[in-house]
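For reference, the structure is listed below as structure tokens.
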Amino acid sequence: MKGFKTTIAAAAALLAAGAAQAEPVKVGMITTLSGGGAGLGIDARDGFMLAVKQANNPDLEVVIEDDQRKPDVAVQLADKMIQQEKVDVLTGIIWSNLAMAVVPSAVAQDKIYLSVNAAPSQLAGRGCNKNYFAVSYQNDNLHEAAGGYASSAGYKKAFILAPNYPAGKDSLTGFKRFFFGDITDEVYTKLGQTDYAAEIAQIRASDADHVFFFLPGGMGIAFMKQYAQSGVDKPLIGPAFSMDQGILGAVGDAALGVKNTSNWSKDIDNPTNKAFVESFQAEYDRLPSLYASFGFDTANLLLSAMDKASISDKDAFRAAIRAADFDSVRGKFIFGPNQHPVQDLYVREVVKEGDILTNKIVGTALTDHSDAYASECSM
Amino acid sequence: MFSLFLEQLLNGLQSGVMLFLMASGLTLVFGVMGLINLAHGSLYMVGAFACAAVAAWTGSFWLGLVASLMAAAIAGALVEMLIIRRLYNRDHLDQVLATFALILIFSEGTRWIFGSFPLFLSVPDFLTGTVILPGGSQYPIFRLAIIVAGLLVAAGLFLLIGKTRLGIRIRAGEADRGMIAALGVDIDRLYTIVFALGAALAGLAGAFVGTTQSVQVGMGEPVLILAFVVIVIGGIGSIKGALVGSLLVGFTDTMGRFLLPHAFATFLDPSSATAIGSALASMLIYIVMALVLFLRPSGLFGATS
């Protein structure tokens with residue numbers, strides 16, 4: 001009996017030694033899993049974990065914690081993950097204000113940060129860092145694409161609308177950077193506002209030929225429902241956030257026909273994307289969202305780097321991430337000099353497939369698009 | 001310009017009427033029981049979720065509306081009997097702590113039952129579409145219906161408080177709790193009824209608002225803050241004050257958002273006019289509240305104590 005136990009122990013030790021040759025990587029995922037806005041974090045996590053499960057790489061360990069969408073909680077979690085859990089890589093943050101609270105200090109401690117969503121301008125330009133990679137986009141990208149689309153679709157006069165906070169102002173600036181017509185009205189609403197009757201009355205009275213709006217989360221749901229009820233028929237254009245899969249069900253038919261810009265869509269035609277959409281549906285019984293696709297790409301990017309380099313050699317590992325040698329659901333995937341993606345941005349339209357509202361690509365807004373801050377990054 | 005102005009006036013009225021449904025319950029509970037109930041916004045959320053779930057399940061908005069009233073009233077009565085009842089004799093800080101805990105419990109409980117994604121709730125078919133206003137502008141029928149329904153509820157509430165036996169007891173409870181108990185009124189039951197009534201009004205507001213906005217976890221808190229502003233302006237405990245305060249806040253907010261950027265644009269360049277105008281518009285109701293408190297420290301219709 002004793003001999004049997006020793007044999008088992010020896011076999012286990014051998015196995016462990018074999019695994020140790022490829023060095024284990026520990027990932028800390030800080031994301032929003034409770035409260036308002038939890039849907040986004042849950043999608044990003046589910047996309048990430050789907051890729052982890054499919055790769056089935058025993059060297060990858062993931063620790064997941066809920067930041068409750070609070071910057072102070074996110075900072076505490078990051079400290080705990082770095083000091084106690086000794087993670088090598090951090091990821092998962094959805095909101096830009098949380099990212100600004102966590103990322104600069106984490107990358108300064110030589111931890112690699114892979115962003116599944118938030119990519120504020122501060123981290124793309126002068127504040128860029130060799131340890132920081134945005135897998136999603138730079139925050140302005142989708143707004144710039146909306147401006148580009150409005151120009152190329154022949155619209156001349158824009159009514160533009162966003163909440164009165166930094167990301168709202170960045171949004172309207174991004175739109176104006178690529179829209180070459182006139183702005184008839186520029187309206188800032190209260191953050192978290194849920195009644196848009198006053199703004200919709202102004203849209204009705206203005207002589208704009210289309211409306212650009214950036215109203216993430218519940219604000220967008222409220223706006224689109226009320227806009228559809230109001231009978232105003234100026235076309236709506238917005239970034240993908242308000243037309244994302246997690247939200248469309250709550251907006252209902254009011255969203256039909258709305259044009260929105262995105263760097264991912266479930267109908268991008270490549271085998272990786274097809275397999276992703278199918279396996280996500282099979283695993284979680286719902287369609288994947290933009291955030292799920294970012295989570296999935298982030299995990300696959302990390303796994304590709306683990307195949308090429310060891311985490312103890314940070315320079316080689318960073319180079320392996322920068323090479324981005326993985327199959328992205330967006331097709332090709334290239335990092336620009338500031339380690340933000342250079343990518344195509346699509347125009348989608350909300351359509352109904354059977355009973356389910358979803359998006360269909362109807363065109364390309366910008367091709368091989370980088371961002372406005374890359375030139376300020378000296379790396 | 002006239003039709004835009006008229007449309008904005010109606011918008012202000014509609015927003016005020018919705019606020020009244022929230023604020024009247026809050027002010028009743030505070031006036032009668034002396035309780036600060038932060039969880040009032042959660043009851044509003046319960047109403048919206050109940051309406052959305054039942055409407056999706058049965059296909060009838062009206063059943064959803066009934067469900068919202070029932071669910072919020074039942075949730076209110078349960079909360080009162082299980083938790084709130086133990087707080088009447090504690091100081092306000094304890095009440096705030098306990099009802100804040102209730103917010104967290106309601107939010108996570110709702111998320112646990114319905115998931116993290118917002119629910120869908122739509123206007124019933126015959127209330128969709130628009131009517132033409134004098135001046136040629138269109139106005140959604142559903143918003144008009146909300147105004148009418150809200151005013152009817154307000155009238156009903158005034159009748160209930162002013163003309164019925166229950167109303168007399170509620171007013172007596174506000175005036176002197178010890179005396180009404182001594183007169184043999186079952187004060188525990190009265191409190192439960194008042195709390196459930198306030199909860200039902202909040203649930204009704206949630207169901208109405210859910211049709212035009214987003215039915216999601218945490219939807220109650222922003223409205224709760226406005227409802228507190230309303231009852232502070234109107235005078236705590238006064239239903240009339242809640243009505244006047246709601247309309248004042250509704251009109252001030254809507255008109256401020258509409259007119260202030262235009263007003264600044266007359267002497268500033270457009271982009272700074274928008275920035276300053278919208279910043280000031282979001283502060284406007286708080287400025288009004290400060291002014292009212294400065295002139296009448298206990299609110300417009302508050303008892304001077």
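Identifiers in the structure tokens: chain A, B, ... in order shown; residue index from 1 per chain; ligand index from 1 in order shown.
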Using only C-alpha atoms, which chain B residues lie at most 8 Å away from chain A, written as a PyMOL selection string?
-> chain B and resi 1+4+7-8+11+107-108+111+116-122+128-130+138-140+212-218+222+254-255+257-258+271+274-275+278-279+282
Please, which residues of segment 127-254 of chain B, numbered as in this document, come out helix (DSSP H, G or I) from DSSP, as a PyMOL selection string?
-> chain B and resi 127+141-163+165-175+177-182+187-212+220-234+239-254
Quick one: write out the picked residues with C-alpha atoms as a short mmCIF file (atom, residue, chain, number, x, y, z; two decimals), in the first residue's frame?
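Output file out_12.cif is given in full below:
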data_model
loop_
_atom_site.label_atom_id
_atom_site.label_comp_id
_atom_site.auth_asym_id
_atom_site.auth_seq_id
_atom_site.Cartn_x
_atom_site.Cartn_y
_atom_site.Cartn_z
CA LEU B 127 -51.47 54.27 -27.08
CA ILE B 141 -50.21 59.86 -27.13
CA PHE B 142 -48.61 57.78 -24.41
CA ARG B 143 -47.11 60.80 -22.69
CA LEU B 144 -50.55 62.45 -22.70
CA ALA B 145 -51.99 59.26 -21.21
CA ILE B 146 -49.36 59.34 -18.47
CA ILE B 147 -50.31 62.94 -17.66
CA VAL B 148 -54.01 62.03 -17.42
CA ALA B 149 -53.38 58.89 -15.37
CA GLY B 150 -51.05 60.74 -13.02
CA LEU B 151 -53.55 63.56 -12.47
CA LEU B 152 -56.31 61.01 -11.79
CA VAL B 153 -54.15 59.27 -9.20
CA ALA B 154 -53.35 62.63 -7.61
CA ALA B 155 -57.07 63.48 -7.42
CA GLY B 156 -57.82 60.05 -5.94
CA LEU B 157 -55.12 60.51 -3.35
CA PHE B 158 -56.48 63.89 -2.30
CA LEU B 159 -59.97 62.39 -1.93
CA LEU B 160 -58.57 59.47 0.05
CA ILE B 161 -56.67 61.70 2.44
CA GLY B 162 -59.34 64.39 2.68
CA LYS B 163 -62.64 62.50 2.62
CA ARG B 165 -61.96 57.40 7.33
CA LEU B 166 -58.53 56.01 6.44
CA GLY B 167 -57.49 59.51 5.39
CA ILE B 168 -58.62 60.96 8.69
CA ARG B 169 -56.56 58.36 10.54
CA ILE B 170 -53.54 59.06 8.37
CA ARG B 171 -53.81 62.78 9.08
CA ALA B 172 -54.35 62.09 12.76
CA GLY B 173 -51.29 59.84 12.74
CA GLU B 174 -49.27 62.68 11.28
CA ALA B 175 -50.48 65.10 13.92
CA ARG B 177 -49.11 59.38 17.02
CA GLY B 178 -49.57 58.75 20.72
CA MET B 179 -53.08 60.14 20.81
CA ILE B 180 -54.41 58.15 17.87
CA ALA B 181 -53.04 54.93 19.39
CA ALA B 182 -54.67 55.82 22.67
CA ILE B 187 -51.49 51.86 14.67
CA ASP B 188 -49.42 48.92 13.42
CA ARG B 189 -51.96 48.10 10.77
CA LEU B 190 -52.33 51.75 9.80
CA TYR B 191 -48.57 52.02 9.28
CA THR B 192 -48.50 48.88 7.15
CA ILE B 193 -51.35 50.22 5.01
CA VAL B 194 -49.72 53.62 4.54
CA PHE B 195 -46.41 52.00 3.66
CA ALA B 196 -48.04 49.63 1.18
CA LEU B 197 -49.99 52.54 -0.35
CA GLY B 198 -46.80 54.54 -0.82
CA ALA B 199 -45.10 51.47 -2.28
CA ALA B 200 -47.98 50.86 -4.71
CA LEU B 201 -47.76 54.45 -5.96
CA ALA B 202 -44.02 54.03 -6.49
CA GLY B 203 -44.62 50.72 -8.29
CA LEU B 204 -47.20 52.37 -10.55
CA ALA B 205 -44.72 55.12 -11.40
CA GLY B 206 -42.13 52.44 -12.15
CA ALA B 207 -44.47 50.67 -14.56
CA PHE B 208 -45.36 53.91 -16.40
CA VAL B 209 -41.79 55.08 -16.62
CA GLY B 210 -40.56 51.60 -17.59
CA THR B 211 -42.48 51.89 -20.85
CA THR B 212 -40.51 54.93 -21.95
CA GLY B 220 -34.81 53.71 -8.80
CA GLU B 221 -31.95 55.65 -7.26
CA PRO B 222 -31.77 58.67 -9.61
CA VAL B 223 -35.55 59.15 -9.27
CA LEU B 224 -35.30 58.79 -5.50
CA ILE B 225 -32.92 61.73 -5.31
CA LEU B 226 -35.37 63.87 -7.32
CA ALA B 227 -38.24 62.71 -5.11
CA PHE B 228 -36.32 63.85 -2.03
CA VAL B 229 -35.72 67.23 -3.66
CA VAL B 230 -39.48 67.43 -4.30
CA ILE B 231 -40.52 66.70 -0.73
CA VAL B 232 -37.94 69.07 0.68
CA ILE B 233 -39.25 71.84 -1.59
CA GLY B 234 -42.90 71.00 -0.92
CA ILE B 239 -49.26 65.83 -0.12
CA LYS B 240 -50.15 69.25 -1.52
CA GLY B 241 -46.52 70.23 -1.14
CA ALA B 242 -45.47 67.09 -3.00
CA LEU B 243 -47.78 68.00 -5.89
CA VAL B 244 -46.59 71.60 -6.14
CA GLY B 245 -42.97 70.55 -5.61
CA SER B 246 -43.18 67.85 -8.31
CA LEU B 247 -44.62 70.22 -10.87
CA LEU B 248 -42.08 72.89 -9.95
CA VAL B 249 -39.18 70.44 -10.33
CA GLY B 250 -40.61 68.98 -13.55
CA PHE B 251 -41.07 72.38 -15.21
CA THR B 252 -37.79 73.81 -13.91
CA ASP B 253 -35.78 70.83 -15.10
CA THR B 254 -37.38 70.57 -18.54
#
Leu77 of chain A environment, 9 Å, only C-alpha atoms, sequence neighbours closer than 2 positions dropped, as an MDAnalysis selection string | chainID A and resid 30 65:67 72:75 79:82
Could you dump the residues just selected with N, CA and C atoms as an mmCIF file, in the first residue's frame?
data_model
loop_
_atom_site.group_PDB
_atom_site.id
_atom_site.type_symbol
_atom_site.label_atom_id
_atom_site.label_comp_id
_atom_site.auth_asym_id
_atom_site.auth_seq_id
_atom_site.Cartn_x
_atom_site.Cartn_y
_atom_site.Cartn_z
ATOM 1 N N ILE A 30 -10.372 41.897 -13.313
ATOM 2 C CA ILE A 30 -11.190 42.791 -12.495
ATOM 3 C C ILE A 30 -12.275 43.326 -13.405
ATOM 4 N N GLU A 65 -12.530 38.850 -10.083
ATOM 5 C CA GLU A 65 -13.130 39.598 -8.976
ATOM 6 C C GLU A 65 -14.061 40.674 -9.525
ATOM 7 N N ASP A 66 -15.050 41.052 -8.708
ATOM 8 C CA ASP A 66 -16.072 42.015 -9.103
ATOM 9 C C ASP A 66 -15.720 43.410 -8.586
ATOM 10 N N ASP A 67 -15.597 44.389 -9.494
ATOM 11 C CA ASP A 67 -15.233 45.747 -9.057
ATOM 12 C C ASP A 67 -16.441 46.615 -8.709
ATOM 13 N N ASP A 72 -12.630 52.854 -6.376
ATOM 14 C CA ASP A 72 -11.870 52.509 -5.170
ATOM 15 C C ASP A 72 -11.808 51.001 -4.978
ATOM 16 N N VAL A 73 -12.917 50.309 -5.292
ATOM 17 C CA VAL A 73 -12.919 48.848 -5.176
ATOM 18 C C VAL A 73 -11.935 48.253 -6.178
ATOM 19 N N ALA A 74 -11.938 48.790 -7.400
ATOM 20 C CA ALA A 74 -11.044 48.271 -8.436
ATOM 21 C C ALA A 74 -9.586 48.411 -8.010
ATOM 22 N N VAL A 75 -9.254 49.558 -7.387
ATOM 23 C CA VAL A 75 -7.870 49.775 -6.950
ATOM 24 C C VAL A 75 -7.484 48.764 -5.868
ATOM 25 N N ASP A 79 -4.536 45.902 -6.091
ATOM 26 C CA ASP A 79 -3.463 45.757 -5.103
ATOM 27 C C ASP A 79 -3.407 44.336 -4.565
ATOM 28 N N LYS A 80 -4.597 43.817 -4.258
ATOM 29 C CA LYS A 80 -4.659 42.467 -3.708
ATOM 30 C C LYS A 80 -4.131 41.451 -4.727
ATOM 31 N N MET A 81 -4.524 41.621 -5.979
ATOM 32 C CA MET A 81 -4.103 40.661 -6.992
ATOM 33 C C MET A 81 -2.603 40.715 -7.231
ATOM 34 N N ILE A 82 -2.054 41.930 -7.195
ATOM 35 C CA ILE A 82 -0.622 42.059 -7.458
ATOM 36 C C ILE A 82 0.184 41.566 -6.260
#
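Relative to atom CA of Ala118 of chain A, atom CA of Ala372 of chain A is found at 16.1 Å.
Across A:Leu303, A:Val342, A:Val103, A:Ala145, the tightest approach to Leu366 of chain A is made by A:Ala145 when counting only C-alpha atoms.
Going from atom CA of Ile83 of chain B over to atom CA of Val46 of chain B, you cover 17.4 Å.
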Every residue of segment 80-179 of chain B that DSSP places in strand (DSSP E or B), as a list in words = Leu119, Thr130, Val131, Ile132, Gln138, Tyr139 and Pro140 of chain B
Generate a file of the selected residues that holds C-alpha atoms, formatted as a CSV table (one decimal), in the first residue's frame.
chain,number,residue,atom,x,y,z
B,119,LEU,CA,-35.9,44.0,-19.6
B,130,THR,CA,-48.8,60.9,-31.9
B,131,VAL,CA,-51.4,63.6,-31.8
B,132,ILE,CA,-51.0,67.0,-33.5
B,138,GLN,CA,-46.7,66.2,-32.7
B,139,TYR,CA,-46.9,64.8,-29.2
B,140,PRO,CA,-46.8,61.1,-28.2
Neighbours of Val292 of chain B within 10 Å (only C-alpha atoms; same-chain residues fewer than 5 positions away dropped), as a PyMOL selection string?
-> chain B and resi 232-235+286-287+297-300
Find the residues around Glu85 of chain A up to 9 Å (only C-alpha atoms counted), leave out those fewer than 5 positions away in its own chain, and share them as a ChimeraX atom specification.
-> /A:26,28,63,80
Next, dump the selected residues to file, keeping only C-alpha atoms, as a PDB file, in the first residue's frame.
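Result file follows (again-v4.pdb):
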ATOM      1  CA  LYS A  26      -1.645  33.907 -13.595  1.00  0.00           C
ATOM      2  CA  GLY A  28      -6.220  38.733 -12.604  1.00  0.00           C
ATOM      3  CA  VAL A  63      -8.638  34.860 -10.838  1.00  0.00           C
ATOM      4  CA  LYS A  80      -4.659  42.467  -3.708  1.00  0.00           C
TER       5      LYS A  80
END
Could you pull the residues within 12 Å of Ile311 of chain A, counting only C-alpha atoms, minus those fewer than 2 positions along the same chain, as a ChimeraX atom specification?
-> /A:21-27,59-60,87-89,110-112,302-303,305-309,313-321
Could you please take those selected residues and save N, CA and C atoms as a PDB file, in the first residue's frame?
ATOM      1  N   GLN A  21       7.812  23.272 -17.247  1.00  0.00           N
ATOM      2  CA  GLN A  21       8.701  23.749 -18.304  1.00  0.00           C
ATOM      3  C   GLN A  21       8.089  24.943 -19.031  1.00  0.00           C
ATOM      4  N   ALA A  22       6.797  24.806 -19.376  1.00  0.00           N
ATOM      5  CA  ALA A  22       6.101  25.996 -19.850  1.00  0.00           C
ATOM      6  C   ALA A  22       5.614  26.696 -18.597  1.00  0.00           C
ATOM      7  N   GLU A  23       6.103  27.905 -18.387  1.00  0.00           N
ATOM      8  CA  GLU A  23       5.856  28.546 -17.102  1.00  0.00           C
ATOM      9  C   GLU A  23       4.394  28.966 -16.949  1.00  0.00           C
ATOM     10  N   PRO A  24       3.788  28.735 -15.798  1.00  0.00           N
ATOM     11  CA  PRO A  24       2.380  29.116 -15.629  1.00  0.00           C
ATOM     12  C   PRO A  24       2.208  30.634 -15.617  1.00  0.00           C
ATOM     13  N   VAL A  25       1.081  31.068 -16.134  1.00  0.00           N
ATOM     14  CA  VAL A  25       0.755  32.491 -16.136  1.00  0.00           C
ATOM     15  C   VAL A  25      -0.511  32.683 -15.327  1.00  0.00           C
ATOM     16  N   LYS A  26      -0.473  33.641 -14.414  1.00  0.00           N
ATOM     17  CA  LYS A  26      -1.645  33.907 -13.595  1.00  0.00           C
ATOM     18  C   LYS A  26      -2.263  35.239 -14.033  1.00  0.00           C
ATOM     19  N   VAL A  27      -3.546  35.191 -14.353  1.00  0.00           N
ATOM     20  CA  VAL A  27      -4.236  36.389 -14.828  1.00  0.00           C
ATOM     21  C   VAL A  27      -5.233  36.861 -13.782  1.00  0.00           C
ATOM     22  N   ASP A  59      -1.440  25.727 -17.980  1.00  0.00           N
ATOM     23  CA  ASP A  59      -0.532  26.739 -17.438  1.00  0.00           C
ATOM     24  C   ASP A  59      -1.202  28.080 -17.201  1.00  0.00           C
ATOM     25  N   LEU A  60      -2.450  28.204 -17.636  1.00  0.00           N
ATOM     26  CA  LEU A  60      -3.133  29.485 -17.476  1.00  0.00           C
ATOM     27  C   LEU A  60      -4.103  29.413 -16.299  1.00  0.00           C
ATOM     28  N   VAL A  87      -0.314  37.983  -9.466  1.00  0.00           N
ATOM     29  CA  VAL A  87      -0.681  37.769 -10.870  1.00  0.00           C
ATOM     30  C   VAL A  87       0.379  38.392 -11.775  1.00  0.00           C
ATOM     31  N   ASP A  88       0.469  37.865 -13.002  1.00  0.00           N
ATOM     32  CA  ASP A  88       1.425  38.396 -13.976  1.00  0.00           C
ATOM     33  C   ASP A  88       0.753  39.383 -14.921  1.00  0.00           C
ATOM     34  N   VAL A  89      -0.545  39.124 -15.166  1.00  0.00           N
ATOM     35  CA  VAL A  89      -1.271  39.908 -16.160  1.00  0.00           C
ATOM     36  C   VAL A  89      -2.594  40.343 -15.544  1.00  0.00           C
ATOM     37  N   ASP A 110       5.291  46.910 -13.427  1.00  0.00           N
ATOM     38  CA  ASP A 110       5.715  45.942 -14.434  1.00  0.00           C
ATOM     39  C   ASP A 110       4.749  44.767 -14.596  1.00  0.00           C
ATOM     40  N   LYS A 111       3.453  45.029 -14.368  1.00  0.00           N
ATOM     41  CA  LYS A 111       2.437  44.027 -14.695  1.00  0.00           C
ATOM     42  C   LYS A 111       1.909  44.354 -16.092  1.00  0.00           C
ATOM     43  N   ILE A 112       1.617  43.325 -16.856  1.00  0.00           N
ATOM     44  CA  ILE A 112       1.057  43.552 -18.184  1.00  0.00           C
ATOM     45  C   ILE A 112      -0.445  43.753 -18.057  1.00  0.00           C
ATOM     46  N   LEU A 302      -3.503  36.409 -25.343  1.00  0.00           N
ATOM     47  CA  LEU A 302      -2.635  36.011 -24.241  1.00  0.00           C
ATOM     48  C   LEU A 302      -2.128  34.583 -24.437  1.00  0.00           C
ATOM     49  N   LEU A 303      -3.031  33.692 -24.842  1.00  0.00           N
ATOM     50  CA  LEU A 303      -2.640  32.293 -25.049  1.00  0.00           C
ATOM     51  C   LEU A 303      -1.598  32.186 -26.161  1.00  0.00           C
ATOM     52  N   ALA A 305       0.618  34.421 -26.921  1.00  0.00           N
ATOM     53  CA  ALA A 305       1.905  34.879 -26.393  1.00  0.00           C
ATOM     54  C   ALA A 305       2.532  33.813 -25.504  1.00  0.00           C
ATOM     55  N   MET A 306       1.682  33.077 -24.754  1.00  0.00           N
ATOM     56  CA  MET A 306       2.212  32.026 -23.874  1.00  0.00           C
ATOM     57  C   MET A 306       2.869  30.905 -24.672  1.00  0.00           C
ATOM     58  N   ASP A 307       2.384  30.686 -25.885  1.00  0.00           N
ATOM     59  CA  ASP A 307       2.986  29.644 -26.715  1.00  0.00           C
ATOM     60  C   ASP A 307       4.372  30.040 -27.210  1.00  0.00           C
ATOM     61  N   LYS A 308       4.588  31.360 -27.305  1.00  0.00           N
ATOM     62  CA  LYS A 308       5.822  31.833 -27.931  1.00  0.00           C
ATOM     63  C   LYS A 308       6.915  32.168 -26.936  1.00  0.00           C
ATOM     64  N   ALA A 309       6.514  32.653 -25.758  1.00  0.00           N
ATOM     65  CA  ALA A 309       7.525  33.165 -24.832  1.00  0.00           C
ATOM     66  C   ALA A 309       7.150  32.824 -23.404  1.00  0.00           C
ATOM     67  N   ASP A 313      10.505  36.155 -18.947  1.00  0.00           N
ATOM     68  CA  ASP A 313      11.246  37.059 -19.825  1.00  0.00           C
ATOM     69  C   ASP A 313      10.263  38.101 -20.356  1.00  0.00           C
ATOM     70  N   LYS A 314      10.095  39.179 -19.592  1.00  0.00           N
ATOM     71  CA  LYS A 314       9.044  40.160 -19.882  1.00  0.00           C
ATOM     72  C   LYS A 314       9.177  40.749 -21.287  1.00  0.00           C
ATOM     73  N   ASP A 315      10.422  41.059 -21.708  1.00  0.00           N
ATOM     74  CA  ASP A 315      10.598  41.684 -23.026  1.00  0.00           C
ATOM     75  C   ASP A 315      10.111  40.769 -24.131  1.00  0.00           C
ATOM     76  N   ALA A 316      10.504  39.478 -24.019  1.00  0.00           N
ATOM     77  CA  ALA A 316      10.086  38.523 -25.044  1.00  0.00           C
ATOM     78  C   ALA A 316       8.574  38.343 -25.015  1.00  0.00           C
ATOM     79  N   PHE A 317       7.993  38.336 -23.795  1.00  0.00           N
ATOM     80  CA  PHE A 317       6.554  38.124 -23.665  1.00  0.00           C
ATOM     81  C   PHE A 317       5.793  39.301 -24.272  1.00  0.00           C
ATOM     82  N   ARG A 318       6.269  40.517 -23.983  1.00  0.00           N
ATOM     83  CA  ARG A 318       5.624  41.704 -24.576  1.00  0.00           C
ATOM     84  C   ARG A 318       5.722  41.667 -26.094  1.00  0.00           C
ATOM     85  N   ALA A 319       6.900  41.265 -26.593  1.00  0.00           N
ATOM     86  CA  ALA A 319       7.080  41.185 -28.051  1.00  0.00           C
ATOM     87  C   ALA A 319       6.107  40.174 -28.638  1.00  0.00           C
ATOM     88  N   ALA A 320       5.894  39.081 -27.885  1.00  0.00           N
ATOM     89  CA  ALA A 320       4.975  38.047 -28.372  1.00  0.00           C
ATOM     90  C   ALA A 320       3.543  38.565 -28.400  1.00  0.00           C
ATOM     91  N   ILE A 321       3.184  39.396 -27.426  1.00  0.00           N
ATOM     92  CA  ILE A 321       1.835  39.986 -27.458  1.00  0.00           C
ATOM     93  C   ILE A 321       1.725  40.954 -28.630  1.00  0.00           C
TER      94      ILE A 321
END
